[in-house]
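Enquirer: Handing over my_file.cif, mmCIF, C-alpha atoms.
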```cif
data_data
#
loop_
_atom_site.label_atom_id
_atom_site.label_comp_id
_atom_site.auth_asym_id
_atom_site.auth_seq_id
_atom_site.Cartn_x
_atom_site.Cartn_y
_atom_site.Cartn_z
CA MET A 1 12.60 37.87 26.19
CA ARG A 2 13.18 36.40 22.75
CA HIS A 3 14.79 33.33 24.34
CA GLU A 4 11.84 32.84 26.69
CA THR A 5 9.40 33.11 23.80
CA GLY A 6 11.37 30.52 21.85
CA VAL A 7 11.28 28.11 24.79
CA ALA A 8 7.54 28.61 25.15
CA ASP A 9 7.01 28.02 21.43
CA ALA A 10 9.09 24.83 21.59
CA ALA A 11 7.13 23.60 24.59
CA MET A 12 3.85 24.33 22.81
CA GLU A 13 5.00 22.51 19.65
CA ALA A 14 6.09 19.52 21.73
CA ALA A 15 2.72 19.41 23.51
CA ILE A 16 0.80 19.60 20.23
CA ASP A 17 3.01 16.95 18.68
CA ALA A 18 2.46 14.61 21.62
CA VAL A 19 -1.32 15.00 21.30
CA ILE A 20 -1.11 14.24 17.58
CA ASP A 21 1.02 11.15 18.23
CA ALA A 22 -1.48 9.84 20.78
CA ALA A 23 -4.44 10.57 18.51
CA ILE A 24 -2.89 8.77 15.56
CA GLN A 25 -2.33 5.68 17.67
CA GLU A 26 -6.03 5.58 18.54
CA VAL A 27 -7.67 6.68 15.29
CA ASN A 28 -7.83 3.19 13.77
CA HIS A 29 -9.86 1.91 16.70
CA ARG A 30 -12.70 4.37 16.21
CA ALA A 31 -15.89 3.72 14.27
CA HIS A 32 -15.54 4.90 10.67
CA GLY A 33 -19.22 5.70 10.07
CA ARG A 34 -20.94 4.63 6.88
CA MET A 35 -18.67 2.53 4.68
CA SER A 36 -20.11 4.14 1.54
CA ASP A 37 -19.07 7.60 2.77
CA ARG A 38 -15.61 6.36 3.67
CA PHE A 39 -15.24 4.67 0.30
CA ARG A 40 -16.10 7.94 -1.43
CA ARG A 41 -13.68 9.93 0.74
CA VAL A 42 -10.73 7.61 0.10
CA ARG A 43 -11.37 7.47 -3.62
CA ARG A 44 -11.77 11.27 -3.84
CA GLN A 45 -8.47 11.78 -2.05
CA SER A 46 -6.56 9.94 -4.79
CA ARG A 47 -8.13 12.21 -7.39
CA ALA A 48 -7.27 15.24 -5.26
CA ILE A 49 -3.60 14.21 -5.15
CA ALA A 50 -3.55 14.02 -8.95
CA GLU A 51 -5.43 17.30 -9.43
CA PRO A 52 -2.37 19.64 -9.56
CA LEU A 53 -0.72 17.45 -12.20
CA SER A 54 -0.87 17.53 -15.98
CA ALA A 55 -1.62 14.44 -18.04
CA GLU A 56 2.09 14.37 -18.92
CA ASP A 57 3.05 14.43 -15.23
CA CYS A 58 0.76 11.47 -14.61
CA CYS A 59 2.25 9.30 -17.35
CA VAL A 60 5.99 9.46 -16.68
CA GLN A 61 7.97 6.97 -14.56
CA SER A 62 11.08 8.46 -12.98
CA MET A 63 12.78 5.16 -12.06
CA PRO A 64 11.88 1.45 -11.84
CA ASP A 65 11.04 1.70 -8.13
CA ALA A 66 8.46 4.43 -8.77
CA SER A 67 5.26 4.28 -10.80
CA PRO A 68 3.38 6.86 -12.86
CA VAL A 69 0.50 8.54 -11.02
CA LYS A 70 -1.81 7.30 -13.77
CA TRP A 71 -0.76 3.74 -13.01
CA HIS A 72 -1.40 4.23 -9.27
CA LEU A 73 -4.90 5.54 -10.04
CA ALA A 74 -5.63 2.54 -12.23
CA HIS A 75 -4.03 -0.10 -10.01
CA ALA A 76 -5.99 0.93 -6.90
CA THR A 77 -9.13 0.60 -9.03
CA TRP A 78 -7.96 -2.75 -10.40
CA PHE A 79 -7.77 -4.03 -6.82
CA PHE A 80 -11.48 -3.37 -6.23
CA GLU A 81 -12.46 -4.76 -9.62
CA THR A 82 -10.32 -7.89 -9.39
CA PHE A 83 -10.74 -8.90 -5.76
CA ILE A 84 -14.27 -7.64 -5.05
CA LEU A 85 -16.39 -7.02 -8.16
CA GLU A 86 -15.15 -10.12 -9.96
CA ARG A 87 -16.13 -12.20 -6.95
CA PHE A 88 -19.30 -10.52 -5.67
CA GLU A 89 -20.93 -8.54 -8.50
CA PRO A 90 -23.82 -10.35 -10.26
CA GLY A 91 -23.13 -10.62 -14.00
CA PHE A 92 -19.60 -9.25 -13.63
CA ARG A 93 -17.96 -7.93 -16.78
CA ALA A 94 -14.50 -6.37 -16.78
CA PHE A 95 -14.28 -2.70 -17.73
CA HIS A 96 -11.48 -3.65 -20.14
CA PRO A 97 -10.15 -7.24 -20.36
CA GLN A 98 -6.51 -6.14 -20.80
CA PHE A 99 -6.54 -4.03 -17.65
CA ARG A 100 -6.25 -7.26 -15.68
CA VAL A 101 -2.68 -7.58 -17.01
CA LEU A 102 -1.73 -3.89 -17.32
CA TYR A 103 -2.51 -3.02 -13.71
CA ASN A 104 -1.60 -6.22 -11.89
CA SER A 105 1.33 -5.25 -9.67
CA TYR A 106 2.79 -8.51 -8.34
CA TYR A 107 -0.04 -11.01 -7.80
CA GLU A 108 1.10 -14.26 -9.40
CA GLY A 109 -2.22 -15.85 -8.40
CA VAL A 110 -4.09 -13.41 -10.65
CA GLY A 111 -2.06 -14.09 -13.78
CA ASP A 112 0.26 -12.22 -16.13
CA ARG A 113 1.37 -8.65 -15.45
CA PHE A 114 3.05 -5.84 -17.33
CA PRO A 115 6.73 -5.30 -16.38
CA ARG A 116 7.08 -2.86 -13.50
CA ALA A 117 10.04 -0.99 -14.95
CA GLN A 118 8.08 -0.26 -18.15
CA ARG A 119 4.95 1.29 -16.64
CA GLY A 120 6.02 4.69 -17.92
CA LEU A 121 5.66 3.39 -21.49
CA LEU A 122 1.90 3.03 -21.10
CA THR A 123 0.82 6.22 -22.88
CA ARG A 124 -2.41 4.34 -23.64
CA PRO A 125 -4.92 4.12 -22.09
CA ALA A 126 -4.97 7.90 -21.70
CA LEU A 127 -5.56 9.55 -18.33
CA ASP A 128 -9.18 10.29 -19.24
CA GLU A 129 -9.84 6.59 -19.80
CA VAL A 130 -8.21 5.70 -16.49
CA LEU A 131 -10.47 8.24 -14.78
CA ALA A 132 -13.47 6.73 -16.59
CA TYR A 133 -12.33 3.32 -15.29
CA ARG A 134 -12.28 4.69 -11.76
CA ALA A 135 -15.75 6.22 -12.16
CA ASP A 136 -17.18 2.96 -13.51
CA VAL A 137 -15.74 0.81 -10.73
CA ASP A 138 -16.78 3.36 -8.09
CA HIS A 139 -20.36 3.26 -9.33
CA ARG A 140 -20.48 -0.53 -9.28
CA MET A 141 -18.79 -0.77 -5.88
CA LEU A 142 -21.23 1.72 -4.37
CA LEU A 143 -24.19 -0.27 -5.68
CA LEU A 144 -22.91 -3.24 -3.66
CA ILE A 145 -22.04 -1.19 -0.58
CA ASP A 146 -25.29 0.80 -0.58
CA ALA A 147 -27.33 -2.39 -0.86
CA LEU A 148 -25.54 -3.83 2.17
CA GLU A 149 -25.98 -0.65 4.20
CA ALA A 150 -29.68 -0.57 3.29
CA GLY A 151 -30.01 -4.00 4.87
CA GLU A 152 -31.15 -5.71 1.66
CA HIS A 153 -29.00 -8.72 2.57
CA ALA A 154 -26.11 -9.69 4.82
CA PRO A 155 -22.57 -9.09 3.57
CA PRO A 156 -21.20 -12.12 1.70
CA GLU A 157 -18.39 -13.92 3.48
CA GLY A 158 -15.13 -12.05 3.03
CA PHE A 159 -16.68 -8.94 1.44
CA MET A 160 -16.13 -6.48 4.28
CA GLU A 161 -12.58 -7.71 4.92
CA LEU A 162 -11.64 -7.25 1.25
CA LEU A 163 -13.31 -3.85 1.11
CA GLU A 164 -11.33 -2.66 4.13
CA LEU A 165 -8.12 -4.07 2.64
CA GLY A 166 -8.86 -2.27 -0.63
CA LEU A 167 -9.28 1.07 1.13
CA GLN A 168 -6.09 0.61 3.15
CA HIS A 169 -4.32 -0.45 -0.04
CA GLU A 170 -5.44 2.72 -1.81
CA GLN A 171 -4.16 4.84 1.07
CA GLN A 172 -0.77 3.18 0.69
CA HIS A 173 -0.79 4.20 -2.95
CA GLN A 174 -1.78 7.76 -2.06
CA GLU A 175 1.47 8.09 -0.15
CA LEU A 176 3.38 6.50 -3.02
CA MET A 177 1.76 8.93 -5.46
CA LEU A 178 3.13 11.85 -3.45
CA THR A 179 6.64 10.45 -3.09
CA ASP A 180 6.82 9.22 -6.70
CA ILE A 181 5.73 12.57 -8.16
CA LYS A 182 8.20 14.41 -5.92
CA HIS A 183 11.01 12.25 -7.27
CA LEU A 184 9.85 12.84 -10.83
CA LEU A 185 9.64 16.62 -10.48
CA SER A 186 13.03 16.75 -8.77
CA LEU A 187 14.66 15.47 -11.97
CA ASN A 188 13.30 18.38 -14.00
CA PRO A 189 15.85 21.23 -14.40
CA LEU A 190 12.97 23.70 -13.96
CA GLN A 191 12.56 22.40 -10.39
CA PRO A 192 8.76 22.71 -10.61
CA ALA A 193 6.64 22.72 -7.47
CA TYR A 194 3.93 20.12 -7.00
CA GLN A 195 1.85 22.70 -5.17
CA GLU A 196 2.12 26.23 -3.84
CA MET A 197 3.39 26.58 -0.29
CA PRO A 198 0.59 27.49 2.14
CA GLU A 199 0.93 30.91 3.75
CA SER A 200 1.09 29.31 7.20
CA LEU A 201 4.34 27.54 6.24
CA ARG A 202 5.84 30.71 4.78
CA ILE A 203 5.78 32.44 8.13
CA ALA A 204 6.28 29.50 10.47
CA GLU A 205 9.80 28.31 11.26
CA PRO A 206 10.09 25.18 13.41
CA ALA A 207 11.28 25.82 16.94
CA ARG A 208 14.72 24.54 17.91
CA LEU A 209 14.09 21.55 20.15
CA PRO A 210 16.75 19.94 22.33
CA LEU A 211 17.61 16.32 21.71
CA ASP A 212 16.83 14.55 24.98
CA TRP A 213 17.17 10.90 25.88
CA HIS A 214 14.46 8.79 27.50
CA HIS A 215 15.76 5.89 29.57
CA ILE A 216 13.68 2.71 29.18
CA GLU A 217 14.20 -0.24 31.47
CA ALA A 218 14.92 -3.77 30.28
CA GLY A 219 12.06 -6.21 30.25
CA VAL A 220 9.69 -8.40 28.29
CA VAL A 221 7.48 -6.29 26.02
CA GLU A 222 4.53 -7.15 23.81
CA ILE A 223 4.43 -5.94 20.22
CA GLY A 224 2.14 -6.55 17.28
CA HIS A 225 -1.55 -6.00 16.66
CA ASP A 226 -4.31 -7.47 18.77
CA GLY A 227 -7.92 -6.48 19.30
CA PRO A 228 -10.22 -4.20 17.26
CA GLY A 229 -9.24 -2.09 14.29
CA PHE A 230 -7.66 -2.94 10.96
CA CYS A 231 -4.13 -4.23 10.56
CA PHE A 232 -2.18 -5.85 7.76
CA ASP A 233 -1.38 -9.52 8.16
CA ASN A 234 2.32 -8.81 8.80
CA GLU A 235 1.42 -7.02 12.07
CA LYS A 236 0.24 -10.27 13.66
CA PRO A 237 0.37 -12.10 15.93
CA ARG A 238 0.97 -10.05 19.06
CA HIS A 239 3.88 -11.62 20.86
CA ARG A 240 6.53 -11.07 23.50
CA GLN A 241 10.10 -9.96 23.05
CA PHE A 242 12.81 -9.21 25.58
CA VAL A 243 14.61 -5.87 25.23
CA GLU A 244 17.65 -4.74 27.14
CA ALA A 245 17.66 -1.34 28.81
CA TYR A 246 18.11 1.42 26.23
CA GLN A 247 17.76 5.13 25.66
CA CYS A 248 15.46 6.52 22.98
CA ALA A 249 15.93 9.95 21.39
CA SER A 250 13.12 12.40 22.11
CA ARG A 251 12.84 13.50 18.47
CA LEU A 252 14.15 12.77 15.00
CA VAL A 253 17.55 13.86 13.73
CA ASN A 254 17.12 17.29 12.14
CA ASN A 255 18.65 18.89 9.06
CA ALA A 256 21.23 20.88 11.04
CA GLU A 257 22.52 17.72 12.71
CA TYR A 258 22.62 15.76 9.48
CA CYS A 259 24.30 18.71 7.75
CA ALA A 260 27.04 18.56 10.38
CA PHE A 261 27.59 14.92 9.44
CA VAL A 262 27.82 15.83 5.75
CA GLU A 263 30.22 18.73 6.32
CA ALA A 264 32.38 16.67 8.69
CA GLY A 265 33.07 14.32 5.78
CA GLY A 266 30.62 11.62 6.77
CA TYR A 267 30.12 10.58 3.14
CA ARG A 268 33.89 10.19 2.71
CA ASP A 269 34.65 8.11 5.81
CA ALA A 270 34.40 4.41 4.98
CA SER A 271 34.69 3.47 8.65
CA LEU A 272 31.17 4.80 9.26
CA TRP A 273 29.47 2.78 6.56
CA LEU A 274 28.35 -0.79 6.13
CA SER A 275 30.42 -2.36 3.36
CA GLU A 276 27.44 -2.74 1.06
CA GLY A 277 26.33 0.82 1.81
CA TRP A 278 29.78 2.22 1.09
CA GLU A 279 29.86 0.48 -2.29
CA TRP A 280 26.32 1.74 -3.08
CA LYS A 281 27.32 5.30 -2.13
CA ARG A 282 30.58 5.07 -4.08
CA GLN A 283 28.93 3.81 -7.26
CA LEU A 284 26.33 6.58 -7.16
CA LYS A 285 28.97 9.19 -6.17
CA LEU A 286 26.79 10.41 -3.31
CA GLU A 287 27.96 13.25 -1.05
CA TYR A 288 24.65 14.34 0.57
CA PRO A 289 20.92 13.41 0.67
CA ILE A 290 18.91 12.96 -2.48
CA TYR A 291 17.03 16.28 -2.51
CA TRP A 292 19.80 18.54 -1.17
CA GLN A 293 21.86 20.91 -3.32
CA ARG A 294 24.03 23.99 -2.82
CA ASP A 295 23.14 27.34 -4.36
CA ALA A 296 25.58 29.79 -5.92
CA ALA A 297 26.38 31.25 -2.49
CA GLY A 298 27.18 27.78 -1.10
CA ASP A 299 24.06 27.58 1.05
CA TRP A 300 22.10 24.36 1.28
CA ARG A 301 18.70 24.13 -0.38
CA GLU A 302 16.25 21.23 -0.53
CA PHE A 303 13.79 20.20 -3.21
CA THR A 304 10.34 19.89 -1.65
CA GLU A 305 6.76 19.53 -2.84
CA TYR A 306 6.82 23.36 -2.88
CA GLY A 307 9.82 23.45 -5.20
CA LEU A 308 13.39 24.32 -4.23
CA GLN A 309 13.49 25.87 -0.74
CA PRO A 310 16.20 26.89 1.77
CA LEU A 311 17.14 23.94 3.96
CA GLU A 312 15.34 24.44 7.27
CA PRO A 313 17.80 23.47 10.01
CA HIS A 314 15.29 22.43 12.68
CA ARG A 315 13.03 20.27 10.51
CA ALA A 316 13.59 16.52 10.56
CA ALA A 317 16.05 15.23 7.96
CA VAL A 318 14.09 13.07 5.52
CA HIS A 319 14.55 10.98 2.38
CA LEU A 320 17.48 9.08 3.84
CA SER A 321 18.31 5.49 3.01
CA TYR A 322 18.98 2.83 5.64
CA TYR A 323 22.65 3.04 4.70
CA GLU A 324 22.71 6.79 5.40
CA ALA A 325 20.72 6.42 8.60
CA ASP A 326 23.05 3.71 9.91
CA ALA A 327 26.19 5.69 8.99
CA TYR A 328 24.87 8.81 10.70
CA ALA A 329 23.97 6.87 13.85
CA ARG A 330 27.49 5.45 14.06
CA TRP A 331 29.00 8.92 13.54
CA ALA A 332 26.77 10.28 16.32
CA GLY A 333 27.88 7.55 18.74
CA ALA A 334 24.48 5.94 18.72
CA ARG A 335 22.51 3.32 16.79
CA LEU A 336 19.06 2.73 15.30
CA LEU A 337 16.24 1.32 17.38
CA THR A 338 15.02 -2.22 16.82
CA GLU A 339 11.37 -2.38 15.85
CA ALA A 340 10.46 -3.88 19.24
CA GLU A 341 12.21 -0.97 20.95
CA TRP A 342 10.49 1.54 18.68
CA GLU A 343 6.97 0.18 19.27
CA HIS A 344 7.55 -0.08 23.01
CA ALA A 345 8.99 3.44 23.22
CA ALA A 346 6.25 5.00 21.06
CA ASP A 347 3.63 3.44 23.31
CA LEU A 348 5.42 4.23 26.57
CA LEU A 349 6.33 7.83 25.75
CA GLN A 350 2.89 9.12 24.80
CA GLY A 351 2.87 12.73 25.96
CA CYS A 352 6.68 12.80 26.26
CA GLY A 353 8.20 11.81 22.93
CA ARG A 354 7.59 13.62 19.68
CA GLU A 355 7.69 12.97 15.92
CA PHE A 356 6.86 9.29 16.26
CA PHE A 357 4.10 9.89 13.69
CA GLY A 358 3.30 12.28 10.87
CA VAL A 359 6.84 13.49 10.07
CA ALA A 360 8.97 10.66 8.68
CA TRP A 361 9.04 6.90 8.64
CA GLN A 362 11.85 5.81 10.94
CA TRP A 363 14.36 3.17 9.97
CA THR A 364 14.87 0.39 12.48
CA SER A 365 17.74 -2.07 12.57
CA SER A 366 15.27 -4.96 12.23
CA SER A 367 15.16 -7.01 9.07
CA TYR A 368 11.68 -7.44 7.65
CA ALA A 369 10.77 -10.97 8.71
CA PRO A 370 7.63 -12.78 9.92
CA TYR A 371 6.64 -12.64 13.55
CA ALA A 372 6.62 -15.98 15.37
CA GLY A 373 3.36 -17.69 14.45
CA TYR A 374 2.70 -15.55 11.35
CA VAL A 375 0.50 -17.22 8.74
CA PRO A 376 -0.21 -15.41 5.44
CA PRO A 377 -3.83 -15.44 4.19
CA ALA A 378 -4.81 -18.00 1.59
CA GLY A 379 -5.08 -17.12 -2.09
CA ALA A 380 -3.71 -14.18 -4.07
CA VAL A 381 -4.37 -11.74 -1.22
CA GLY A 382 -1.79 -13.71 0.76
CA GLU A 383 0.85 -12.30 -1.61
CA TYR A 384 0.28 -8.81 -0.17
CA ASN A 385 3.08 -8.91 2.43
CA GLY A 386 4.56 -12.29 3.18
CA LYS A 387 6.52 -12.88 0.01
CA PHE A 388 8.51 -9.65 0.49
CA MET A 389 10.06 -10.76 3.77
CA VAL A 390 13.63 -10.82 2.50
CA ASN A 391 16.41 -8.23 1.97
CA GLN A 392 14.40 -5.36 3.45
CA TYR A 393 14.35 -3.36 6.68
CA VAL A 394 11.38 -2.33 8.81
CA LEU A 395 10.40 1.32 9.17
CA ARG A 396 7.98 2.48 11.86
CA GLY A 397 5.71 5.44 12.48
CA SER A 398 4.34 7.43 9.52
CA SER A 399 5.32 10.40 7.40
CA SER A 400 3.84 13.74 6.39
CA ALA A 401 2.59 11.98 3.24
CA THR A 402 0.79 9.20 5.15
CA PRO A 403 -3.01 9.62 5.39
CA LEU A 404 -3.80 10.46 9.01
CA ASN A 405 -6.15 7.54 9.65
CA HIS A 406 -3.77 5.10 7.99
CA ALA A 407 -1.08 5.23 10.71
CA ARG A 408 -0.99 3.11 13.86
CA LEU A 409 1.42 1.91 16.49
CA THR A 410 1.91 -1.59 15.06
CA TYR A 411 2.26 -0.65 11.35
CA ARG A 412 5.28 -2.32 9.72
CA ASN A 413 6.50 -0.50 6.64
CA PHE A 414 9.44 -2.01 4.76
CA PHE A 415 11.89 -1.02 2.05
CA PRO A 416 15.33 -2.14 0.82
CA ALA A 417 18.32 -0.48 2.44
CA CYS A 418 19.01 1.74 -0.58
CA ALA A 419 15.52 3.31 -0.72
CA ARG A 420 15.64 7.05 -0.18
CA TRP A 421 12.79 8.52 -2.22
CA GLN A 422 10.39 7.71 0.61
CA ALA A 423 9.99 10.21 3.46
CA SER A 424 12.23 8.27 5.85
CA GLY A 425 14.27 9.66 8.73
CA ILE A 426 16.32 8.76 11.80
CA ARG A 427 15.44 8.22 15.46
CA LEU A 428 18.51 7.33 17.49
CA ALA A 429 19.00 4.90 20.33
CA ARG A 430 21.91 4.15 22.61
CA ALA A 431 22.77 1.83 25.47
CA GLY A 432 20.72 2.22 28.63
#
```
Can I see the file as structure tokens?
Expert:
Amino acid sequence: MRHETGVADAAMEAAIDAVIDAAIQEVNHRAHGRMSDRFRRVRRQSRAIAEPLSAEDCCVQSMPDASPVKWHLAHATWFFETFILERFEPGFRAFHPQFRVLYNSYYEGVGDRFPRAQRGLLTRPALDEVLAYRADVDHRMLLLIDALEAGEHAPPEGFMELLELGLQHEQQHQELMLTDIKHLLSLNPLQPAYQEMPESLRIAEPARLPLDWHHIEAGVVEIGHDGPGFCFDNEKPRHRQFVEAYQCASRLVNNAEYCAFVEAGGYRDASLWLSEGWEWKRQLKLEYPIYWQRDAAGDWREFTEYGLQPLEPHRAAVHLSYYEADAYARWAGARLLTEAEWEHAADLLQGCGREFFGVAWQWTSSSYAPYAGYVPPAGAVGEYNGKFMVNQYVLRGSSSATPLNHARLTYRNFFPACARWQASGIRLARAG
């Protein structure tokens, strides 16, 4: 009876997951309602993410690739001030002239910027002043948005496009806030929790799901964004690619499976690793994933947003680099999907596959490069994606830290092969 109940629970979880996957693919094509309400919601969410943190938490930078939460809060605001208020607000005056430099991330067209690796040194302005900056820019932005929604005049050319980009940009930083603070707290010997674990998670253990393989025929497939709904410029144009027949895993690699790789000596077998990955692993003396550790009894535990917890065997393995994902795939007698395969499979398997969205970004074997016919936008906004198309790999899907209405089928995330502080996991493929 227990076995039958477990099978039923697994089937129910798979059905729910499939519905979520399908809904996420469609959510960006729905009407968003009043833009002023959406603006308020997105901006409030960033504040909500920072709410459990102290001022000290918000100021510290754990590594050059991460940024302090305070900087994220200010930079997202800087985007609206620099690209929208400066251009469209009558009688524009900067909240603070030096903020243009302090919170410029990488836009050469805007001017000088403060070094990325030194953002944690910015004890001033204090968090309260950053929050005052947000409140000031919010007020001024809403004056513009409310006037447009009241029909006082037509939107100026480019205003709505930049507003949408600013909101999507802030949602990207909301995910980065969560992953950056997790990395920071993991370095503290006290192993502090970002938040208390909800009661529902205390009593719910993921069902053990079989790893099945979906056969997908060879053919010409279309990938990339086309039609209504927002997309970043790197998702265009929609185009055709030929894919050979392949098999796509029904779910992500879980902790138990990755643990088997670790305990079988996967981190000590050079034959499984790309040369560059092996050297990276060797220099860092890595033997297991970034947030794993053994307790006194030798059991595996994992640092989570809820603090240090027992490693849950049937949850997806996350926070893996491309190097680790590729080595595991080779050990498992499989490989990583290309991004064309991933997008085609995620679209084709609606109702059948699971964990395409909302669990972990999934490494693909595709280098981050422009699609045929890609043209970056003119001006500083054109620096958003195009200039990073080198030495990085594409990840697809979305993670548990991704805002729900920020994910979509054609989204192209990208990170260098060594990145592992993001919530990234593994979906396997093999020959058809």
Enquirer: Name every residue that the PyMOL selection byres ((chain A and resi 405-415) around 9) selects in this structure, writing the answer as a short mmCIF file (atom, residue, chain, number, x, y, z; two decimals) with C-alpha atoms, in the coordinates of the input with chains first and numbers rising.
Expert:
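The resulting file, out_33.cif, is shown below:
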```cif
data_model
loop_
_atom_site.label_atom_id
_atom_site.label_comp_id
_atom_site.auth_asym_id
_atom_site.auth_seq_id
_atom_site.Cartn_x
_atom_site.Cartn_y
_atom_site.Cartn_z
CA ILE A 24 -2.89 8.77 15.56
CA GLN A 25 -2.33 5.68 17.67
CA GLU A 26 -6.03 5.58 18.54
CA VAL A 27 -7.67 6.68 15.29
CA ASN A 28 -7.83 3.19 13.77
CA GLN A 168 -6.09 0.61 3.15
CA GLN A 171 -4.16 4.84 1.07
CA GLN A 172 -0.77 3.18 0.69
CA ILE A 223 4.43 -5.94 20.22
CA GLY A 224 2.14 -6.55 17.28
CA HIS A 225 -1.55 -6.00 16.66
CA CYS A 231 -4.13 -4.23 10.56
CA PHE A 232 -2.18 -5.85 7.76
CA ASN A 234 2.32 -8.81 8.80
CA GLU A 235 1.42 -7.02 12.07
CA LYS A 236 0.24 -10.27 13.66
CA TYR A 322 18.98 2.83 5.64
CA GLU A 339 11.37 -2.38 15.85
CA GLU A 343 6.97 0.18 19.27
CA ALA A 346 6.25 5.00 21.06
CA ASP A 347 3.63 3.44 23.31
CA PHE A 357 4.10 9.89 13.69
CA GLY A 358 3.30 12.28 10.87
CA TRP A 361 9.04 6.90 8.64
CA TRP A 363 14.36 3.17 9.97
CA SER A 367 15.16 -7.01 9.07
CA TYR A 368 11.68 -7.44 7.65
CA PHE A 388 8.51 -9.65 0.49
CA MET A 389 10.06 -10.76 3.77
CA ASN A 391 16.41 -8.23 1.97
CA GLN A 392 14.40 -5.36 3.45
CA TYR A 393 14.35 -3.36 6.68
CA VAL A 394 11.38 -2.33 8.81
CA LEU A 395 10.40 1.32 9.17
CA ARG A 396 7.98 2.48 11.86
CA GLY A 397 5.71 5.44 12.48
CA SER A 398 4.34 7.43 9.52
CA SER A 399 5.32 10.40 7.40
CA THR A 402 0.79 9.20 5.15
CA PRO A 403 -3.01 9.62 5.39
CA LEU A 404 -3.80 10.46 9.01
CA PRO A 416 15.33 -2.14 0.82
CA ALA A 417 18.32 -0.48 2.44
CA CYS A 418 19.01 1.74 -0.58
CA ALA A 419 15.52 3.31 -0.72
CA GLN A 422 10.39 7.71 0.61
#
```
Enquirer: For a quick check of understanding, using only C-alpha atoms, which of A:Asp233, A:Pro198, A:Trp280, A:Pro210 has the smallest distance to Tyr371 of chain A?
Expert: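 Of A:Asp233, A:Pro198, A:Trp280, A:Pro210, the one nearest Tyr371 of chain A, counting only C-alpha atoms, is A:Asp233.
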Enquirer: Tell me which of A:Gln98, A:Gln61, A:Asn104, A:Asn254 sits closest to Gln118 of chain A, counting only C-alpha atoms.
Expert: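 Going through A:Gln98, A:Gln61, A:Asn104, A:Asn254 one by one, the smallest distance to Gln118 of chain A is for A:Gln61.
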Enquirer: So what does the PyMOL selection byres ((chain A and resi 181-185) around 10) actually pick up in this one, as a ChimeraX atom specification?
Expert: /A:49-50,53,57-58,60-63,66-69,176-180,186-194,290-291,303-307,420-422
Enquirer: Apply the PyMOL selection byres ((chain A and resi 116) around 9) to the displayed file and report the matching residues as a CSV table (one decimal) with C-alpha atoms, in the frame of the given file.
Expert:
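New file expr-v1.csv:
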```csv
chain,number,residue,atom,x,y,z
A,64,PRO,CA,11.9,1.4,-11.8
A,65,ASP,CA,11.0,1.7,-8.1
A,66,ALA,CA,8.5,4.4,-8.8
A,67,SER,CA,5.3,4.3,-10.8
A,105,SER,CA,1.3,-5.2,-9.7
A,106,TYR,CA,2.8,-8.5,-8.3
A,113,ARG,CA,1.4,-8.6,-15.4
A,114,PHE,CA,3.0,-5.8,-17.3
A,115,PRO,CA,6.7,-5.3,-16.4
A,117,ALA,CA,10.0,-1.0,-15.0
A,118,GLN,CA,8.1,-0.3,-18.2
A,119,ARG,CA,5.0,1.3,-16.6
A,120,GLY,CA,6.0,4.7,-17.9
```
